[in-house]
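Structure data (PDB, C-alpha atoms) from coords-v3.pdb:
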ATOM      1  CA  MET G 613     -23.920  53.381  -2.884
ATOM      2  CA  THR G 614     -24.505  56.424  -5.069
ATOM      3  CA  SER G 615     -24.926  56.379  -8.816
ATOM      4  CA  THR G 616     -21.962  58.701  -9.364
ATOM      5  CA  ALA G 617     -19.544  55.854  -9.927
ATOM      6  CA  ARG G 618     -21.909  53.995 -12.185
ATOM      7  CA  SER G 619     -22.424  57.049 -14.395
ATOM      8  CA  SER G 620     -18.873  56.737 -15.700
ATOM      9  CA  ARG G 621     -19.877  53.514 -17.420
ATOM     10  CA  SER G 622     -23.283  54.410 -18.785
ATOM     11  CA  ARG G 623     -24.910  51.459 -20.517
ATOM     12  CA  THR G 624     -24.752  53.350 -23.794
ATOM     13  CA  ARG G 625     -21.081  52.212 -23.708
ATOM     14  CA  HIS G 626     -19.738  55.248 -25.536
ATOM     15  CA  THR G 627     -16.255  54.997 -24.090
ATOM     16  CA  GLY G 628     -12.976  54.295 -25.830
ATOM     17  CA  ALA G 629     -12.300  51.312 -28.057
ATOM     18  CA  ALA G 630     -15.297  49.386 -26.765
ATOM     19  CA  ALA G 631     -17.587  52.098 -28.078
ATOM     20  CA  VAL G 632     -15.999  51.967 -31.522
ATOM     21  CA  ALA G 633     -16.413  48.209 -31.709
ATOM     22  CA  LEU G 634     -20.003  48.298 -30.511
ATOM     23  CA  THR G 635     -20.937  51.124 -32.847
ATOM     24  CA  ALA G 636     -19.592  49.088 -35.739
ATOM     25  CA  ALA G 637     -21.505  46.021 -34.578
ATOM     26  CA  ALA G 638     -24.656  48.051 -34.260
ATOM     27  CA  ALA G 639     -24.254  49.356 -37.784
ATOM     28  CA  LEU G 640     -24.176  45.787 -39.056
ATOM     29  CA  LEU G 641     -27.357  45.034 -37.149
ATOM     30  CA  VAL G 642     -29.195  47.735 -39.079
ATOM     31  CA  GLY G 643     -28.983  45.505 -42.106
ATOM     32  CA  CYS G 644     -29.743  42.197 -40.413
ATOM     33  CA  SER G 645     -32.677  43.077 -38.174
ATOM     34  CA  SER G 646     -35.991  42.747 -39.960
ATOM     35  CA  GLY G 647     -37.463  44.961 -37.259
ATOM     36  CA  ASP G 648     -36.164  48.049 -39.077
ATOM     37  CA  ASP G 649     -38.490  50.252 -41.067
ATOM     38  CA  GLY G 650     -36.976  50.367 -44.501
ATOM     39  CA  GLY G 651     -34.235  52.912 -43.875
ATOM     40  CA  ASP G 652     -36.124  55.531 -41.827
ATOM     41  CA  ASN G 653     -33.755  58.039 -40.299
ATOM     42  CA  PRO G 654     -33.592  57.155 -36.573
ATOM     43  CA  LEU G 655     -32.804  60.788 -35.754
ATOM     44  CA  ASP G 656     -35.983  62.009 -37.413
ATOM     45  CA  GLY G 657     -37.671  64.089 -34.722
ATOM     46  CA  GLU G 658     -41.221  63.876 -36.069
ATOM     47  CA  LYS G 659     -43.814  62.889 -33.485
ATOM     48  CA  ALA G 660     -45.078  59.324 -33.704
ATOM     49  CA  GLU G 661     -48.125  58.836 -35.907
ATOM     50  CA  ALA G 662     -51.341  58.613 -33.909
ATOM     51  CA  GLY G 663     -52.123  55.010 -33.001
ATOM     52  CA  THR G 664     -48.575  53.799 -33.685
ATOM     53  CA  VAL G 665     -46.103  52.907 -30.956
ATOM     54  CA  VAL G 666     -42.541  53.714 -32.017
ATOM     55  CA  VAL G 667     -39.999  51.450 -30.330
ATOM     56  CA  GLY G 668     -36.462  52.813 -30.331
ATOM     57  CA  SER G 669     -33.056  51.448 -29.411
ATOM     58  CA  ASN G 670     -29.607  52.768 -28.659
ATOM     59  CA  ASN G 671     -26.796  51.789 -30.992
ATOM     60  CA  PHE G 672     -25.549  48.551 -29.475
ATOM     61  CA  ALA G 673     -26.662  44.990 -30.117
ATOM     62  CA  GLU G 674     -28.449  44.247 -26.845
ATOM     63  CA  SER G 675     -30.595  47.369 -27.099
ATOM     64  CA  THR G 676     -31.672  46.362 -30.608
ATOM     65  CA  LEU G 677     -32.632  42.895 -29.352
ATOM     66  CA  LEU G 678     -34.615  44.302 -26.422
ATOM     67  CA  ALA G 679     -36.405  46.754 -28.699
ATOM     68  CA  ASP G 680     -37.458  43.855 -30.928
ATOM     69  CA  ILE G 681     -38.713  41.942 -27.892
ATOM     70  CA  TYR G 682     -40.760  44.948 -26.730
ATOM     71  CA  GLY G 683     -42.109  45.646 -30.188
ATOM     72  CA  GLU G 684     -43.155  42.090 -30.955
ATOM     73  CA  ALA G 685     -44.797  41.738 -27.524
ATOM     74  CA  LEU G 686     -46.871  44.825 -28.322
ATOM     75  CA  LYS G 687     -47.736  43.542 -31.799
ATOM     76  CA  ALA G 688     -49.016  40.325 -30.193
ATOM     77  CA  LYS G 689     -51.651  42.481 -28.490
ATOM     78  CA  GLY G 690     -52.746  43.975 -31.800
ATOM     79  CA  ILE G 691     -50.868  47.246 -31.270
ATOM     80  CA  GLU G 692     -49.442  48.996 -34.341
ATOM     81  CA  VAL G 693     -45.649  49.202 -33.994
ATOM     82  CA  SER G 694     -42.800  50.778 -35.925
ATOM     83  CA  TYR G 695     -39.084  50.780 -35.085
ATOM     84  CA  LYS G 696     -36.276  53.321 -34.849
ATOM     85  CA  HIS G 697     -33.189  51.194 -34.255
ATOM     86  CA  ASN G 698     -29.624  52.229 -33.474
ATOM     87  CA  ILE G 699     -30.440  55.843 -32.646
ATOM     88  CA  GLY G 700     -27.362  56.653 -30.596
ATOM     89  CA  SER G 701     -26.546  57.695 -27.071
ATOM     90  CA  ARG G 702     -28.893  58.468 -24.177
ATOM     91  CA  GLU G 703     -28.413  62.189 -24.811
ATOM     92  CA  THR G 704     -30.155  61.701 -28.172
ATOM     93  CA  THR G 705     -32.742  59.075 -27.290
ATOM     94  CA  TYR G 706     -33.942  60.919 -24.194
ATOM     95  CA  GLY G 707     -34.755  63.985 -26.289
ATOM     96  CA  LEU G 708     -36.677  61.895 -28.816
ATOM     97  CA  MET G 709     -38.626  60.265 -25.998
ATOM     98  CA  LYS G 710     -39.580  63.655 -24.568
ATOM     99  CA  ASN G 711     -40.812  65.046 -27.869
ATOM    100  CA  GLY G 712     -42.864  61.920 -28.605
ATOM    101  CA  SER G 713     -41.048  60.742 -31.717
ATOM    102  CA  VAL G 714     -40.109  57.569 -29.810
ATOM    103  CA  THR G 715     -42.685  55.910 -27.550
ATOM    104  CA  VAL G 716     -40.805  53.020 -25.949
ATOM    105  CA  LEU G 717     -37.093  52.536 -25.285
ATOM    106  CA  PRO G 718     -35.173  49.756 -23.490
ATOM    107  CA  GLU G 719     -33.381  51.376 -20.560
ATOM    108  CA  TYR G 720     -31.240  50.376 -17.581
ATOM    109  CA  ASN G 721     -32.721  51.914 -14.463
ATOM    110  CA  GLY G 722     -29.560  52.680 -12.501
ATOM    111  CA  SER G 723     -27.737  54.102 -15.502
ATOM    112  CA  LEU G 724     -30.734  56.251 -16.402
ATOM    113  CA  LEU G 725     -30.951  57.557 -12.843
ATOM    114  CA  ALA G 726     -27.232  58.359 -12.915
ATOM    115  CA  TYR G 727     -27.838  60.364 -16.101
ATOM    116  CA  LEU G 728     -30.763  62.228 -14.546
ATOM    117  CA  ASP G 729     -29.314  62.717 -11.051
ATOM    118  CA  ALA G 730     -25.690  61.811 -10.457
ATOM    119  CA  ASP G 731     -26.044  62.183  -6.679
ATOM    120  CA  ALA G 732     -29.076  59.926  -6.220
ATOM    121  CA  GLU G 733     -28.739  56.987  -3.845
ATOM    122  CA  GLN G 734     -29.259  53.503  -5.297
ATOM    123  CA  THR G 735     -30.353  51.124  -2.546
ATOM    124  CA  SER G 736     -32.713  48.776  -4.434
ATOM    125  CA  ALA G 737     -34.180  48.301  -7.907
ATOM    126  CA  GLU G 738     -37.516  49.616  -6.677
ATOM    127  CA  ALA G 739     -35.919  52.666  -5.048
ATOM    128  CA  VAL G 740     -33.961  53.358  -8.223
ATOM    129  CA  ASN G 741     -37.135  53.250 -10.314
ATOM    130  CA  THR G 742     -38.944  55.522  -7.877
ATOM    131  CA  ALA G 743     -36.117  58.072  -7.916
ATOM    132  CA  ALA G 744     -35.764  57.900 -11.693
ATOM    133  CA  LYS G 745     -39.499  58.406 -12.215
ATOM    134  CA  ALA G 746     -39.360  61.499 -10.014
ATOM    135  CA  ALA G 747     -36.440  62.886 -12.032
ATOM    136  CA  LEU G 748     -37.885  62.120 -15.473
ATOM    137  CA  ASP G 749     -39.545  64.658 -17.705
ATOM    138  CA  LYS G 750     -43.262  64.779 -16.842
ATOM    139  CA  SER G 751     -44.143  63.216 -20.211
ATOM    140  CA  LEU G 752     -42.188  60.037 -19.418
ATOM    141  CA  THR G 753     -42.316  57.155 -16.972
ATOM    142  CA  LEU G 754     -40.608  53.843 -16.257
ATOM    143  CA  LEU G 755     -42.497  50.560 -16.187
ATOM    144  CA  ASP G 756     -41.636  47.546 -14.029
ATOM    145  CA  PRO G 757     -37.918  46.681 -13.831
ATOM    146  CA  SER G 758     -36.993  43.182 -14.950
ATOM    147  CA  PRO G 759     -34.702  40.927 -12.915
ATOM    148  CA  ALA G 760     -32.345  41.019 -15.935
ATOM    149  CA  GLU G 761     -29.307  43.208 -15.342
ATOM    150  CA  ASP G 762     -26.459  44.170 -17.632
ATOM    151  CA  LYS G 763     -23.877  45.659 -15.289
ATOM    152  CA  ASP G 764     -20.276  45.388 -14.160
ATOM    153  CA  SER G 765     -19.113  42.195 -12.482
ATOM    154  CA  VAL G 766     -15.963  40.514 -11.311
ATOM    155  CA  SER G 767     -15.730  37.354 -13.376
ATOM    156  CA  VAL G 768     -13.081  34.623 -13.380
ATOM    157  CA  ASN G 769     -11.980  32.390 -16.223
ATOM    158  CA  ALA G 770     -12.760  28.688 -16.400
ATOM    159  CA  ALA G 771      -9.304  27.576 -15.242
ATOM    160  CA  THR G 772      -9.443  29.801 -12.172
ATOM    161  CA  ALA G 773     -12.967  28.701 -11.351
ATOM    162  CA  LYS G 774     -11.902  25.050 -11.545
ATOM    163  CA  LYS G 775      -8.744  25.583  -9.495
ATOM    164  CA  TYR G 776     -10.557  27.332  -6.648
ATOM    165  CA  LYS G 777     -13.900  25.515  -6.965
ATOM    166  CA  LEU G 778     -15.836  28.668  -7.839
ATOM    167  CA  THR G 779     -19.313  28.266  -9.343
ATOM    168  CA  SER G 780     -22.205  30.438 -10.445
ATOM    169  CA  ASP G 781     -23.343  30.370  -6.814
ATOM    170  CA  SER G 782     -20.048  31.834  -5.566
ATOM    171  CA  THR G 783     -19.940  35.454  -4.429
ATOM    172  CA  LEU G 784     -17.327  38.170  -4.317
ATOM    173  CA  ALA G 785     -16.832  37.350  -0.648
ATOM    174  CA  ASP G 786     -15.538  33.921  -1.705
ATOM    175  CA  LEU G 787     -12.521  35.638  -3.283
ATOM    176  CA  LYS G 788     -11.214  37.069  -0.016
ATOM    177  CA  ASP G 789      -8.642  34.335   0.617
ATOM    178  CA  ILE G 790      -7.972  33.773  -3.086
ATOM    179  CA  ALA G 791      -7.526  37.362  -4.330
ATOM    180  CA  PRO G 792      -3.838  37.680  -3.276
ATOM    181  CA  GLU G 793      -3.047  34.980  -5.849
ATOM    182  CA  LEU G 794      -4.979  36.603  -8.706
ATOM    183  CA  VAL G 795      -4.265  39.326 -11.254
ATOM    184  CA  ILE G 796      -7.390  41.358 -12.005
ATOM    185  CA  GLY G 797      -7.981  43.365 -15.172
ATOM    186  CA  GLY G 798     -10.238  46.229 -16.193
ATOM    187  CA  SER G 799     -10.275  49.783 -17.461
ATOM    188  CA  PRO G 800      -7.533  52.083 -16.117
ATOM    189  CA  GLU G 801     -10.171  53.881 -14.029
ATOM    190  CA  PHE G 802     -11.154  50.614 -12.348
ATOM    191  CA  GLN G 803      -7.877  50.694 -10.424
ATOM    192  CA  THR G 804      -8.623  53.989  -8.687
ATOM    193  CA  ARG G 805     -12.424  54.163  -8.717
ATOM    194  CA  GLN G 806     -14.462  53.494  -5.590
ATOM    195  CA  GLN G 807     -16.651  51.268  -7.747
ATOM    196  CA  GLY G 808     -13.500  49.333  -8.566
ATOM    197  CA  LEU G 809     -10.489  48.062  -6.624
ATOM    198  CA  LYS G 810     -10.886  50.550  -3.782
ATOM    199  CA  GLY G 811     -14.469  49.578  -3.142
ATOM    200  CA  LEU G 812     -13.826  45.860  -3.593
ATOM    201  CA  GLU G 813     -11.288  46.098  -0.777
ATOM    202  CA  SER G 814     -13.464  48.180   1.560
ATOM    203  CA  GLU G 815     -16.706  46.318   0.771
ATOM    204  CA  TYR G 816     -15.524  42.729   0.382
ATOM    205  CA  GLY G 817     -11.981  42.775   1.768
ATOM    206  CA  LEU G 818     -10.412  41.852  -1.583
ATOM    207  CA  LYS G 819      -6.696  42.571  -2.097
ATOM    208  CA  PHE G 820      -5.509  41.288  -5.457
ATOM    209  CA  LYS G 821      -1.960  40.294  -6.394
ATOM    210  CA  SER G 822      -1.839  43.028  -9.045
ATOM    211  CA  PHE G 823      -3.918  44.996 -11.539
ATOM    212  CA  LYS G 824      -3.617  45.050 -15.328
ATOM    213  CA  ALA G 825      -5.022  48.071 -17.183
ATOM    214  CA  LEU G 826      -7.068  46.934 -20.191
ATOM    215  CA  ASP G 827     -10.376  48.370 -21.466
ATOM    216  CA  ALA G 828     -13.941  48.835 -20.186
ATOM    217  CA  GLY G 829     -15.168  45.255 -20.481
ATOM    218  CA  GLY G 830     -14.176  45.153 -24.140
ATOM    219  CA  PRO G 831     -12.025  42.910 -26.366
ATOM    220  CA  LEU G 832      -8.757  43.541 -24.481
ATOM    221  CA  THR G 833     -10.295  42.484 -21.178
ATOM    222  CA  GLN G 834     -12.073  39.524 -22.734
ATOM    223  CA  ALA G 835      -8.866  38.309 -24.418
ATOM    224  CA  ALA G 836      -6.730  38.732 -21.300
ATOM    225  CA  LEU G 837      -9.184  36.716 -19.226
ATOM    226  CA  THR G 838      -9.439  34.029 -21.907
ATOM    227  CA  LYS G 839      -5.639  33.720 -22.183
ATOM    228  CA  ASN G 840      -5.213  33.766 -18.385
ATOM    229  CA  THR G 841      -3.107  36.926 -18.530
ATOM    230  CA  VAL G 842      -5.535  37.967 -15.821
ATOM    231  CA  GLN G 843      -7.521  35.501 -13.746
ATOM    232  CA  ALA G 844     -10.326  37.911 -12.825
ATOM    233  CA  ALA G 845     -11.753  40.895 -14.672
ATOM    234  CA  ASP G 846     -14.487  43.508 -14.835
ATOM    235  CA  ILE G 847     -16.950  42.049 -17.367
ATOM    236  CA  PHE G 848     -20.536  43.041 -18.186
ATOM    237  CA  THR G 849     -22.971  40.438 -16.860
ATOM    238  CA  THR G 850     -24.612  39.777 -20.245
ATOM    239  CA  ASP G 851     -21.414  39.733 -22.305
ATOM    240  CA  PRO G 852     -21.697  36.708 -24.646
ATOM    241  CA  THR G 853     -18.016  35.961 -24.043
ATOM    242  CA  ILE G 854     -19.154  34.589 -20.679
ATOM    243  CA  VAL G 855     -20.969  31.810 -22.522
ATOM    244  CA  LYS G 856     -18.303  31.260 -25.149
ATOM    245  CA  GLU G 857     -15.352  31.060 -22.755
ATOM    246  CA  LYS G 858     -17.208  29.642 -19.730
ATOM    247  CA  PHE G 859     -16.339  32.553 -17.475
ATOM    248  CA  VAL G 860     -17.887  32.434 -13.999
ATOM    249  CA  VAL G 861     -19.643  35.621 -12.877
ATOM    250  CA  LEU G 862     -19.376  36.078  -9.133
ATOM    251  CA  LYS G 863     -22.513  37.186  -7.352
ATOM    252  CA  ASP G 864     -22.606  40.637  -5.767
ATOM    253  CA  PRO G 865     -24.960  40.285  -2.770
ATOM    254  CA  ASP G 866     -24.136  43.769  -1.452
ATOM    255  CA  ASN G 867     -24.982  45.359  -4.842
ATOM    256  CA  PHE G 868     -21.539  46.924  -4.918
ATOM    257  CA  PHE G 869     -21.890  47.475  -8.659
ATOM    258  CA  GLY G 870     -25.239  49.188  -8.293
ATOM    259  CA  PHE G 871     -28.336  48.444 -10.356
ATOM    260  CA  ALA G 872     -28.834  48.124 -14.091
ATOM    261  CA  ASN G 873     -32.171  46.353 -14.445
ATOM    262  CA  VAL G 874     -33.591  46.294 -17.952
ATOM    263  CA  THR G 875     -36.626  48.580 -17.736
ATOM    264  CA  PRO G 876     -38.940  50.033 -20.410
ATOM    265  CA  LEU G 877     -38.918  53.830 -20.629
ATOM    266  CA  VAL G 878     -42.196  55.039 -22.148
ATOM    267  CA  ASN G 879     -43.902  58.209 -23.257
ATOM    268  CA  LYS G 880     -47.115  58.294 -21.216
ATOM    269  CA  GLU G 881     -49.303  59.585 -24.027
ATOM    270  CA  GLY G 882     -48.167  57.014 -26.546
ATOM    271  CA  LEU G 883     -48.835  53.704 -24.794
ATOM    272  CA  SER G 884     -52.181  52.207 -23.777
ATOM    273  CA  GLU G 885     -52.864  50.282 -20.576
ATOM    274  CA  GLU G 886     -52.823  47.104 -22.648
ATOM    275  CA  GLY G 887     -49.373  48.039 -23.946
ATOM    276  CA  VAL G 888     -48.130  48.737 -20.427
ATOM    277  CA  ALA G 889     -49.361  45.317 -19.290
ATOM    278  CA  ALA G 890     -47.649  43.632 -22.246
ATOM    279  CA  LEU G 891     -44.280  45.209 -21.462
ATOM    280  CA  ASN G 892     -44.586  44.485 -17.748
ATOM    281  CA  ALA G 893     -45.197  40.845 -18.650
ATOM    282  CA  VAL G 894     -41.949  40.863 -20.647
ATOM    283  CA  SER G 895     -40.081  42.272 -17.646
ATOM    284  CA  ALA G 896     -41.539  39.619 -15.350
ATOM    285  CA  ALA G 897     -40.265  36.846 -17.651
ATOM    286  CA  LEU G 898     -36.783  38.225 -18.414
ATOM    287  CA  ASP G 899     -33.806  37.492 -16.165
ATOM    288  CA  THR G 900     -30.056  37.930 -16.554
ATOM    289  CA  GLU G 901     -29.377  34.318 -17.521
ATOM    290  CA  THR G 902     -32.018  34.492 -20.243
ATOM    291  CA  LEU G 903     -30.751  37.814 -21.589
ATOM    292  CA  LEU G 904     -27.200  36.434 -21.688
ATOM    293  CA  ASP G 905     -28.420  33.474 -23.730
ATOM    294  CA  LEU G 906     -30.372  35.706 -26.134
ATOM    295  CA  ASP G 907     -27.381  38.022 -26.555
ATOM    296  CA  ALA G 908     -25.196  35.028 -27.344
ATOM    297  CA  GLN G 909     -27.608  33.897 -30.048
ATOM    298  CA  VAL G 910     -27.411  37.304 -31.715
ATOM    299  CA  GLN G 911     -23.757  38.179 -31.195
ATOM    300  CA  LEU G 912     -22.071  34.767 -31.335
ATOM    301  CA  GLU G 913     -24.425  32.698 -33.479
ATOM    302  CA  LYS G 914     -25.234  35.716 -35.697
ATOM    303  CA  LYS G 915     -28.980  35.137 -35.599
ATOM    304  CA  ASP G 916     -31.351  37.920 -36.601
ATOM    305  CA  PRO G 917     -32.354  39.730 -33.383
ATOM    306  CA  LEU G 918     -35.973  39.899 -34.545
ATOM    307  CA  ASP G 919     -36.061  36.110 -34.989
ATOM    308  CA  VAL G 920     -34.490  35.629 -31.565
ATOM    309  CA  ALA G 921     -37.048  38.000 -30.029
ATOM    310  CA  LYS G 922     -39.990  36.201 -31.614
ATOM    311  CA  SER G 923     -38.712  32.768 -30.600
ATOM    312  CA  TRP G 924     -38.211  33.781 -26.975
ATOM    313  CA  LEU G 925     -41.621  35.455 -26.727
ATOM    314  CA  ALA G 926     -43.212  32.257 -28.045
ATOM    315  CA  SER G 927     -41.293  30.180 -25.494
ATOM    316  CA  VAL G 928     -42.792  32.203 -22.619
ATOM    317  CA  ASN G 929     -46.260  32.454 -24.178
ATOM    318  CA  LEU G 930     -46.062  36.177 -24.859
ATOM    319  CA  ASP G 931     -46.417  35.983 -28.650
TER
END
Turn the structure described in the file into structure tokens.
Amino acid sequence: MTSTARSSRSRTRHTGAAAVALTAAAALLVGCSSGDDGGDNPLDGEKAEAGTVVVGSNNFAESTLLADIYGEALKAKGIEVSYKHNIGSRETTYGLMKNGSVTVLPEYNGSLLAYLDADAEQTSAEAVNTAAKAALDKSLTLLDPSPAEDKDSVSVNAATAKKYKLTSDSTLADLKDIAPELVIGGSPEFQTRQQGLKGLESEYGLKFKSFKALDAGGPLTQAALTKNTVQAADIFTTDPTIVKEKFVVLKDPDNFFGFANVTPLVNKEGLSEEGVAALNAVSAALDTETLLDLDAQVQLEKKDPLDVAKSWLASVNLD
């Protein structure tokens, strides 16, 4: 599996209607997250003040939440922290990381590697981190990857899961005999992409009844799966709709969809060994199920991401 396919759905999610919706949501979060620094311009390129760790985020809700988790974990160790939330795409944040105006950024290792080297092989989370570190600017490094992943998945709705006795322990292979009865939905590219229907057939032997072109894991796909217009769909693994609508995410034991482990990207000069240890402890405690729950609290229950971050850190004794 190469990262070329994955690069077309970078976790900055700046594609089509989904990007518009997420940008709007992120803009609302600027006002509701108490982790923001009183209106500082996130695109300000000034180098971080000596002794202060600047934690940045891209402009979507999950990145803001993760930034708050990182920042509050560092504060718990007595480290001075400021925030630059909702900066924008990877093209912008990567530059700010290199010049030292942002010290720490939540990243997704496979997506970052795809950005840095589109031809790099992705065989394991550890291999992805190793390759990404080698491709990074010399001022930057990646810390430990967490088990938490926000990546593509084939998910089925509750009615389909009940009908075919599919559970959270079911895998894509379990769809082989069922797929001919199912309509699957996703972005138009999903129909022709190797990391889509073509690959699902060659990797898992899945031949679906038909395909419905929707959007890239956005509101059209979510609605179609909810209404049973499609019975399976390409959904991000930490999409809160999974919780709300009781979708079942099918496991991907062959890592067909690559790797997207939540991983701190840091500027080497700006973070102490104590800070590194604090963020690695966060990664060790964070898994996909937990991140899905935290996302749901922010995006469905409309809780302040900073409050959610603090509460979770306390629950795992990292506050």
- Return as a PyMOL selection string the set of residues that the PyMOL selection byres ((chain G and resi 925) around 12) yields on the displayed structure. chain G and resi 677-678+680-688+890-891+893-895+897-898+902+906+918-924+926-931
- Task: Please provide the set of residues having any atom within 8 Å of Gly722 in chain G, restricted to all atoms listed in the file, with same-chain residues fewer than 4 positions apart removed, written as a list in words.
- Result: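 Once the nearby chain positions are removed, what remains is Ser615, Arg618, Ala726, Gln734, Ala737, Val740, Asn741, Gly870, Phe871, Ala872 and Asn873 of chain G.
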How close does each residue of range 728-817 of chain G get to range 822-830 of chain G, giving the shortest atom pair and distance in Å to one decimal for every residue with an atom at most 9 Å away, counting all atoms listed in the file, sorted by chain and residue number, as CSV?
residue,atom,partner,partner_atom,distance
G:Asp764,CA,G:Gly829,CA,8.1
G:Pro792,CA,G:Ser822,CA,8.1
G:Glu793,CA,G:Ser822,CA,8.7
G:Leu794,CA,G:Ser822,CA,7.2
G:Val795,CA,G:Ser822,CA,4.9
G:Ile796,CA,G:Phe823,CA,5.1
G:Gly797,CA,G:Lys824,CA,4.7
G:Gly798,CA,G:Leu826,CA,5.2
G:Ser799,CA,G:Asp827,CA,4.2
G:Pro800,CA,G:Ala825,CA,4.9
G:Glu801,CA,G:Ala825,CA,8.4
G:Phe802,CA,G:Ala825,CA,8.2
G:Gln803,CA,G:Phe823,CA,7.0
G:Leu809,CA,G:Phe823,CA,8.8
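Of the listed residues (G:Thr849, G:Gln909, G:Ser884, G:Asn867), G:Asn867 comes nearest to Ser736 in chain G; the distances count all atoms listed in the file.
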- Query: Which of these residues is nearest to Asp786 in chain G, using only C-alpha atoms: G:Val888, G:Leu862, G:Ile847, G:Val874?
  - Reply: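 Smallest separation from Asp786 in chain G among the options: G:Leu862.
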- Message: Take the PyMOL selection byres ((chain G and resi 854) around 12), run it mentally on this structure, and tell me the resulting residues as a PyMOL selection string.
- Response: chain G and resi 765-770+780+829+833-835+837-838+845-853+855-862+901+904-905+907-908+912
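As for CA of Leu708 in chain G and CA of Ala732 in chain G, they are spaced 23.9 Å apart.
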- Near Gly811 in chain G, within 12 Å and counting all atoms listed in the file, which residues show up once chain neighbours fewer than 3 positions away are dropped, as a PyMOL selection string? chain G and resi 613+617+784+802-808+814-819+866-870
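Shortest atom-to-atom contact with Ser723 in chain G among G:Gln911, G:Thr779, G:Gln843, G:Thr875: G:Thr875, counting all atoms listed in the file.
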- Report the distance between CA of Lys750 in chain G and CA of Glu692 in chain G in Å, rounded to one decimal place.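 Taking CA of Lys750 in chain G and CA of Glu692 in chain G, their separation equals 24.4 Å.
Picked by the PyMOL selection byres ((chain G and resi 709) around 10) from the coordinates shown: Gly657, Lys659, Val666, Val667, Gly668, Thr704, Thr705, Tyr706, Gly707, Leu708, Lys710, Asn711, Gly712, Ser713, Val714, Thr715, Val716, Leu717, Asp749, Ser751, Leu752, Leu877, Val878, Asn879 and Lys880 of chain G.
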Keeping only C-alpha atoms, write those residues as an mmCIF file, keeping the file's coordinate frame.
data_model
loop_
_atom_site.group_PDB
_atom_site.id
_atom_site.type_symbol
_atom_site.label_atom_id
_atom_site.label_comp_id
_atom_site.auth_asym_id
_atom_site.auth_seq_id
_atom_site.Cartn_x
_atom_site.Cartn_y
_atom_site.Cartn_z
ATOM 1 C CA GLY G 657 -37.671 64.089 -34.722
ATOM 2 C CA LYS G 659 -43.814 62.889 -33.485
ATOM 3 C CA VAL G 666 -42.541 53.714 -32.017
ATOM 4 C CA VAL G 667 -39.999 51.450 -30.330
ATOM 5 C CA GLY G 668 -36.462 52.813 -30.331
ATOM 6 C CA THR G 704 -30.155 61.701 -28.172
ATOM 7 C CA THR G 705 -32.742 59.075 -27.290
ATOM 8 C CA TYR G 706 -33.942 60.919 -24.194
ATOM 9 C CA GLY G 707 -34.755 63.985 -26.289
ATOM 10 C CA LEU G 708 -36.677 61.895 -28.816
ATOM 11 C CA LYS G 710 -39.580 63.655 -24.568
ATOM 12 C CA ASN G 711 -40.812 65.046 -27.869
ATOM 13 C CA GLY G 712 -42.864 61.920 -28.605
ATOM 14 C CA SER G 713 -41.048 60.742 -31.717
ATOM 15 C CA VAL G 714 -40.109 57.569 -29.810
ATOM 16 C CA THR G 715 -42.685 55.910 -27.550
ATOM 17 C CA VAL G 716 -40.805 53.020 -25.949
ATOM 18 C CA LEU G 717 -37.093 52.536 -25.285
ATOM 19 C CA ASP G 749 -39.545 64.658 -17.705
ATOM 20 C CA SER G 751 -44.143 63.216 -20.211
ATOM 21 C CA LEU G 752 -42.188 60.037 -19.418
ATOM 22 C CA LEU G 877 -38.918 53.830 -20.629
ATOM 23 C CA VAL G 878 -42.196 55.039 -22.148
ATOM 24 C CA ASN G 879 -43.902 58.209 -23.257
ATOM 25 C CA LYS G 880 -47.115 58.294 -21.216
#
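If you look at CA of Val665 in chain G and CA of Glu913 in chain G, they are 29.7 Å away from each other.
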- Query: Restricting the calculation to only C-alpha atoms, which member of G:Leu748, G:Ala791, G:Ala673, G:Ala730 is positioned closest to Tyr776 in chain G?
  - Reply: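 Among G:Leu748, G:Ala791, G:Ala673, G:Ala730, it is G:Ala791 that comes nearest to Tyr776 in chain G.
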- Message: Just want the 8 Å neighbourhood of Thr783 in chain G, counted on all atoms listed in the file, with same-chain residues fewer than 5 positions away dropped. Output as a list of chain:residue names.
- Response: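 Once the adjacent positions are removed, what remains is G:Leu862, G:Lys863, G:Asp864, G:Pro865.
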- Task: Considering all atoms listed in the file, return as number ranges by chain whatever protein or nucleic-acid residues lie within 9 Å of range 662-664 of chain G, sequence-local ones (same chain, fewer than 6 positions apart) excluded.
- Result: G: 691-694, 715, 882-883
With all atoms of range 879-892 of chain G from the file as input, state the centre and edge lengths in Å to one decimal of the axis-aligned box that has 5 Å extra on each side, as JSON.
{"center_x": -48.4, "center_y": 51.6, "center_z": -22.1, "size_x": 19.0, "size_y": 26.0, "size_z": 18.8}
